[in-house]
Every structure is written in structure tokens, then in C-alpha cells.
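Q: Sending over my_file_9.cif (mmCIF, N, CA and C atoms).
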data_run
loop_
_atom_site.label_atom_id
_atom_site.label_comp_id
_atom_site.auth_asym_id
_atom_site.auth_seq_id
_atom_site.Cartn_x
_atom_site.Cartn_y
_atom_site.Cartn_z
N GLY A 453 0.81 -1.19 0.00
CA GLY A 453 0.00 0.00 0.00
C GLY A 453 0.85 1.25 0.00
N ALA A 454 1.88 1.25 0.81
CA ALA A 454 2.76 2.43 0.87
C ALA A 454 3.49 2.61 -0.46
N LEU A 455 3.91 1.52 -1.05
CA LEU A 455 4.60 1.60 -2.34
C LEU A 455 3.68 2.15 -3.42
N VAL A 456 2.45 1.66 -3.47
CA VAL A 456 1.49 2.16 -4.46
C VAL A 456 1.23 3.64 -4.23
N THR A 457 1.13 4.06 -2.98
CA THR A 457 0.92 5.47 -2.65
C THR A 457 2.07 6.32 -3.17
N LEU A 458 3.29 5.87 -2.96
CA LEU A 458 4.46 6.62 -3.44
C LEU A 458 4.53 6.63 -4.96
N LEU A 459 4.29 5.48 -5.57
CA LEU A 459 4.33 5.41 -7.03
C LEU A 459 3.26 6.29 -7.67
N ALA A 460 2.05 6.27 -7.11
CA ALA A 460 0.96 7.09 -7.64
C ALA A 460 1.26 8.57 -7.45
N SER A 461 1.85 8.93 -6.31
CA SER A 461 2.22 10.33 -6.07
C SER A 461 3.22 10.81 -7.12
N ALA A 462 4.17 9.96 -7.44
CA ALA A 462 5.16 10.32 -8.46
C ALA A 462 4.55 10.33 -9.85
N ARG A 463 3.74 9.32 -10.16
CA ARG A 463 3.15 9.21 -11.50
C ARG A 463 2.27 10.40 -11.84
N PHE A 464 1.47 10.84 -10.87
CA PHE A 464 0.55 11.95 -11.12
C PHE A 464 1.12 13.30 -10.69
N ALA A 465 2.40 13.32 -10.33
CA ALA A 465 3.10 14.55 -9.94
C ALA A 465 2.28 15.36 -8.94
N LEU A 466 1.90 14.69 -7.84
CA LEU A 466 1.11 15.36 -6.83
C LEU A 466 1.95 16.41 -6.09
N SER A 467 1.30 17.48 -5.71
CA SER A 467 1.97 18.49 -4.90
C SER A 467 2.20 17.91 -3.51
N PRO A 468 3.06 18.52 -2.72
CA PRO A 468 3.27 17.99 -1.36
C PRO A 468 1.96 17.90 -0.56
N ARG A 469 1.09 18.86 -0.73
CA ARG A 469 -0.19 18.85 -0.02
C ARG A 469 -1.06 17.68 -0.48
N GLN A 470 -1.10 17.44 -1.79
CA GLN A 470 -1.88 16.33 -2.33
C GLN A 470 -1.28 14.99 -1.91
N ALA A 471 0.04 14.90 -1.94
CA ALA A 471 0.71 13.65 -1.54
C ALA A 471 0.46 13.36 -0.06
N LEU A 472 0.44 14.41 0.76
CA LEU A 472 0.16 14.23 2.18
C LEU A 472 -1.28 13.75 2.38
N ALA A 473 -2.20 14.32 1.62
CA ALA A 473 -3.60 13.87 1.71
C ALA A 473 -3.71 12.40 1.33
N LEU A 474 -3.03 12.00 0.28
CA LEU A 474 -3.05 10.60 -0.15
C LEU A 474 -2.41 9.71 0.91
N ALA A 475 -1.28 10.15 1.45
CA ALA A 475 -0.57 9.36 2.46
C ALA A 475 -1.38 9.21 3.75
N CYS A 476 -2.18 10.21 4.08
CA CYS A 476 -3.02 10.13 5.28
C CYS A 476 -4.25 9.26 5.05
N THR A 477 -4.70 9.18 3.81
CA THR A 477 -5.88 8.38 3.49
C THR A 477 -5.51 6.92 3.25
N ALA A 478 -4.31 6.67 2.79
CA ALA A 478 -3.88 5.31 2.44
C ALA A 478 -4.05 4.30 3.58
N PRO A 479 -3.65 4.62 4.82
CA PRO A 479 -3.84 3.60 5.87
C PRO A 479 -5.30 3.20 6.07
N LEU A 480 -6.21 4.14 5.92
CA LEU A 480 -7.64 3.81 6.05
C LEU A 480 -8.10 2.88 4.93
N VAL A 481 -7.64 3.15 3.71
CA VAL A 481 -7.99 2.30 2.57
C VAL A 481 -7.39 0.90 2.77
N ILE A 482 -6.15 0.84 3.21
CA ILE A 482 -5.48 -0.44 3.42
C ILE A 482 -6.16 -1.21 4.55
N TRP A 483 -6.48 -0.53 5.64
CA TRP A 483 -7.16 -1.16 6.77
C TRP A 483 -8.52 -1.70 6.33
N SER A 484 -9.25 -0.92 5.56
CA SER A 484 -10.57 -1.36 5.08
C SER A 484 -10.43 -2.62 4.22
N GLY A 485 -9.42 -2.65 3.38
CA GLY A 485 -9.17 -3.84 2.56
C GLY A 485 -8.87 -5.06 3.42
N ASN A 486 -8.11 -4.86 4.48
CA ASN A 486 -7.78 -5.97 5.37
C ASN A 486 -9.02 -6.48 6.10
N VAL A 487 -9.90 -5.56 6.52
CA VAL A 487 -11.15 -5.96 7.16
C VAL A 487 -12.00 -6.77 6.17
N LEU A 488 -12.08 -6.29 4.95
CA LEU A 488 -12.84 -7.00 3.92
C LEU A 488 -12.27 -8.39 3.67
N ARG A 489 -10.95 -8.49 3.59
CA ARG A 489 -10.29 -9.79 3.38
C ARG A 489 -10.58 -10.74 4.53
N CYS A 490 -10.45 -10.25 5.74
CA CYS A 490 -10.71 -11.10 6.91
C CYS A 490 -12.16 -11.58 6.95
N ALA A 491 -13.09 -10.68 6.66
CA ALA A 491 -14.51 -11.06 6.66
C ALA A 491 -14.78 -12.09 5.57
N ALA A 492 -14.22 -11.88 4.40
CA ALA A 492 -14.43 -12.83 3.30
C ALA A 492 -13.86 -14.20 3.66
N LEU A 493 -12.68 -14.22 4.24
CA LEU A 493 -12.08 -15.50 4.63
C LEU A 493 -12.90 -16.17 5.72
N PHE A 494 -13.43 -15.39 6.65
CA PHE A 494 -14.27 -15.97 7.70
C PHE A 494 -15.50 -16.65 7.10
N TYR A 495 -16.19 -15.96 6.21
CA TYR A 495 -17.40 -16.54 5.62
C TYR A 495 -17.10 -17.77 4.78
N VAL A 496 -15.98 -17.75 4.07
CA VAL A 496 -15.62 -18.90 3.23
C VAL A 496 -15.18 -20.08 4.10
N GLU A 497 -14.32 -19.82 5.07
CA GLU A 497 -13.78 -20.92 5.88
C GLU A 497 -14.80 -21.50 6.85
N SER A 498 -15.78 -20.73 7.28
CA SER A 498 -16.79 -21.25 8.19
C SER A 498 -17.96 -21.88 7.43
N CYS A 499 -17.85 -21.90 6.12
CA CYS A 499 -18.86 -22.50 5.23
C CYS A 499 -20.21 -21.79 5.29
N ILE A 500 -20.22 -20.54 5.71
CA ILE A 500 -21.44 -19.74 5.66
C ILE A 500 -21.76 -19.44 4.20
N VAL A 501 -20.71 -19.19 3.43
CA VAL A 501 -20.84 -18.97 1.99
C VAL A 501 -20.14 -20.14 1.31
N ARG A 502 -20.86 -20.79 0.41
CA ARG A 502 -20.24 -21.90 -0.33
C ARG A 502 -19.34 -21.32 -1.41
N ALA A 503 -18.12 -21.81 -1.42
CA ALA A 503 -17.14 -21.34 -2.40
C ALA A 503 -16.25 -22.51 -2.79
N PRO A 504 -15.66 -22.43 -3.97
CA PRO A 504 -14.74 -23.50 -4.38
C PRO A 504 -13.51 -23.53 -3.46
N SER A 505 -12.81 -24.63 -3.49
CA SER A 505 -11.66 -24.81 -2.60
C SER A 505 -10.55 -23.78 -2.84
N PHE A 506 -10.45 -23.27 -4.04
CA PHE A 506 -9.39 -22.30 -4.34
C PHE A 506 -9.76 -20.87 -3.94
N ALA A 507 -10.95 -20.66 -3.40
CA ALA A 507 -11.39 -19.31 -3.03
C ALA A 507 -10.49 -18.71 -1.96
N HIS A 508 -10.03 -19.53 -1.01
CA HIS A 508 -9.17 -19.02 0.05
C HIS A 508 -7.91 -18.38 -0.52
N VAL A 509 -7.35 -19.02 -1.51
CA VAL A 509 -6.11 -18.52 -2.12
C VAL A 509 -6.36 -17.26 -2.94
N GLY A 510 -7.52 -17.14 -3.54
CA GLY A 510 -7.80 -16.02 -4.43
C GLY A 510 -8.31 -14.76 -3.76
N ILE A 511 -8.82 -14.88 -2.54
CA ILE A 511 -9.40 -13.71 -1.87
C ILE A 511 -8.35 -12.63 -1.61
N GLY A 512 -7.22 -13.02 -1.10
CA GLY A 512 -6.16 -12.05 -0.78
C GLY A 512 -5.71 -11.24 -1.98
N PRO A 513 -5.31 -11.89 -3.07
CA PRO A 513 -4.88 -11.12 -4.25
C PRO A 513 -5.99 -10.23 -4.83
N CYS A 514 -7.23 -10.69 -4.77
CA CYS A 514 -8.33 -9.87 -5.29
C CYS A 514 -8.51 -8.60 -4.46
N VAL A 515 -8.47 -8.74 -3.15
CA VAL A 515 -8.62 -7.57 -2.28
C VAL A 515 -7.41 -6.66 -2.42
N PHE A 516 -6.22 -7.23 -2.52
CA PHE A 516 -5.00 -6.43 -2.70
C PHE A 516 -5.09 -5.60 -3.98
N THR A 517 -5.56 -6.22 -5.05
CA THR A 517 -5.72 -5.52 -6.32
C THR A 517 -6.73 -4.39 -6.18
N ALA A 518 -7.82 -4.63 -5.48
CA ALA A 518 -8.84 -3.60 -5.28
C ALA A 518 -8.30 -2.43 -4.46
N VAL A 519 -7.50 -2.72 -3.44
CA VAL A 519 -6.91 -1.66 -2.62
C VAL A 519 -5.93 -0.84 -3.45
N CYS A 520 -5.11 -1.50 -4.23
CA CYS A 520 -4.16 -0.78 -5.10
C CYS A 520 -4.90 0.09 -6.11
N ALA A 521 -5.97 -0.44 -6.69
CA ALA A 521 -6.76 0.33 -7.66
C ALA A 521 -7.42 1.52 -6.99
N ALA A 522 -7.90 1.36 -5.76
CA ALA A 522 -8.52 2.46 -5.04
C ALA A 522 -7.51 3.57 -4.74
N LEU A 523 -6.32 3.18 -4.32
CA LEU A 523 -5.28 4.18 -4.05
C LEU A 523 -4.86 4.91 -5.33
N TRP A 524 -4.74 4.16 -6.41
CA TRP A 524 -4.36 4.75 -7.69
C TRP A 524 -5.42 5.75 -8.15
N GLU A 525 -6.69 5.35 -8.05
CA GLU A 525 -7.79 6.23 -8.47
C GLU A 525 -7.87 7.46 -7.57
N LEU A 526 -7.63 7.30 -6.29
CA LEU A 526 -7.63 8.45 -5.39
C LEU A 526 -6.54 9.44 -5.78
N ALA A 527 -5.37 8.92 -6.11
CA ALA A 527 -4.27 9.80 -6.55
C ALA A 527 -4.64 10.50 -7.86
N ARG A 528 -5.28 9.78 -8.75
CA ARG A 528 -5.70 10.37 -10.02
C ARG A 528 -6.71 11.49 -9.80
N GLN A 529 -7.63 11.26 -8.88
CA GLN A 529 -8.64 12.29 -8.58
C GLN A 529 -8.00 13.51 -7.92
N LEU A 530 -7.02 13.27 -7.05
CA LEU A 530 -6.33 14.40 -6.41
C LEU A 530 -5.56 15.24 -7.42
N ALA A 531 -5.07 14.59 -8.46
CA ALA A 531 -4.25 15.30 -9.46
C ALA A 531 -5.08 16.12 -10.43
N LYS A 532 -6.39 15.86 -10.50
CA LYS A 532 -7.24 16.60 -11.43
C LYS A 532 -7.28 18.08 -11.04
N PRO A 533 -7.17 18.96 -12.03
CA PRO A 533 -7.28 20.38 -11.70
C PRO A 533 -8.70 20.70 -11.27
N ARG A 534 -8.81 21.54 -10.29
CA ARG A 534 -10.12 21.94 -9.77
C ARG A 534 -10.54 23.24 -10.43
N GLY A 535 -11.83 23.35 -10.69
CA GLY A 535 -12.37 24.57 -11.26
C GLY A 535 -12.30 25.72 -10.26
N THR A 536 -12.32 26.90 -10.76
CA THR A 536 -12.31 28.08 -9.90
C THR A 536 -13.69 28.71 -9.92
N TRP A 537 -13.99 29.42 -8.89
CA TRP A 537 -15.26 30.11 -8.80
C TRP A 537 -15.28 31.28 -9.77
N ALA A 538 -16.35 31.42 -10.52
CA ALA A 538 -16.48 32.55 -11.43
C ALA A 538 -16.84 33.80 -10.64
N SER A 539 -16.24 34.90 -10.99
CA SER A 539 -16.55 36.14 -10.25
C SER A 539 -17.56 36.96 -11.00
#
Any chance you could put this one into C-alpha cells?
A:
Amino acid sequence: GALVTLLASARFALSPRQALALACTAPLVIWSGNVLRCAALFYVESCIVRAPSFAHVGIGPCVFTAVCAALWELARQLAKPRGTWAS
């Protein structure tokens, strides 16, 4: 997560203020992904949700990919120029 945050900050040439905003938001996004992964594994392993045997192995990479995509998109949104108020 930290690596994706740094790479996205560099890729989108974020200002220090934008990079700080991304860096402060990243732990929340990463934590949320971990909660989602743990919940998904709980439901699969306790057989509350029927899933194929390979589901346990695939849940982690899927959530990791989603977290990376969320961080990347957040950086992209931060890099967008904002409109100014018309006077």
C-alpha cells in the first residue's frame, strides 16, 4: 500500500499537499481492505458462503488488487485540476 501510494504520487506529480492527503488516506484504505479480506475469509472458511476450494487462495490477491486500484484512483482524482469560482 505504501509503495502504491508513493508510485501514484510520483506518476501523477502530486503536490506535497496532495501527496500528504493521499498518504493520510492510504492507511484507512489499506485497513478497510484488510477488514474486507478477513470477513471474506471468515465466511468462506466457516462455510457460511459456499465457495470452491481455491477461493481461500484467491481472496487475498483480489482484495489487494482492489486496494491498489482504489489508491491509484484516489491519486488520479487528487491530481485533477479543480475549477475556480467565477466572479
Q: Considering only N, CA and C atoms, return as a PyMOL selection string whatever protein or nucleic-acid residues lie within 8 Å of region 471-473 of chain A, sequence-local ones (same chain, fewer than 6 positions apart) excluded.
A: chain A and resi 457+460-462+465+530
Q: If we count all atoms listed in the file and set the cut-off at 8 Å, which residues sit around Gly453 (chain A), ignoring sequence neighbours fewer than 2 positions away in its own chain? Please answer as number ranges by chain.
A: A: 455-459, 478-479, 481-482, 519-520, 523
Q: So how far away is CA of Ala521 (chain A) from CA of His508 (chain A), in Å?
A: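 Going from CA of His508 (chain A) over to CA of Ala521 (chain A), I get 21.0 Å.
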Q: Considering only helix (DSSP H, G or I) as DSSP defines it on the backbone, what residues of chain A qualify? List them as number ranges by chain.
A: A: 454-463, 468-497, 507-531
Q: Using only C-alpha atoms, which protein or nucleic acid residues come within 8 Å of Arg489 (chain A)? Drop anything in the same chain fewer than 2 positions from it, and give the result as a list in words.
A: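 Answer for this query is Gly485, Asn486, Val487, Ala491, Ala492, Leu493, Ile511, Gly512 and Val515 of chain A.
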Q: Please, what distance in Å, to one decimal, runs between CA of Ala518 (chain A) and atom N of Leu488 (chain A)?
A: 11.1 Å
Q: Grab all the atoms of region 502-513 of chain A that the file lists, wrap them in a box along x, y and z, add 4 Å per side, and give me centre plus edge lengths in Å (one decimal) as JSON.
A:
{"center_x": -12.9, "center_y": -17.5, "center_z": -2.2, "size_x": 24.0, "size_y": 22.6, "size_z": 13.2}
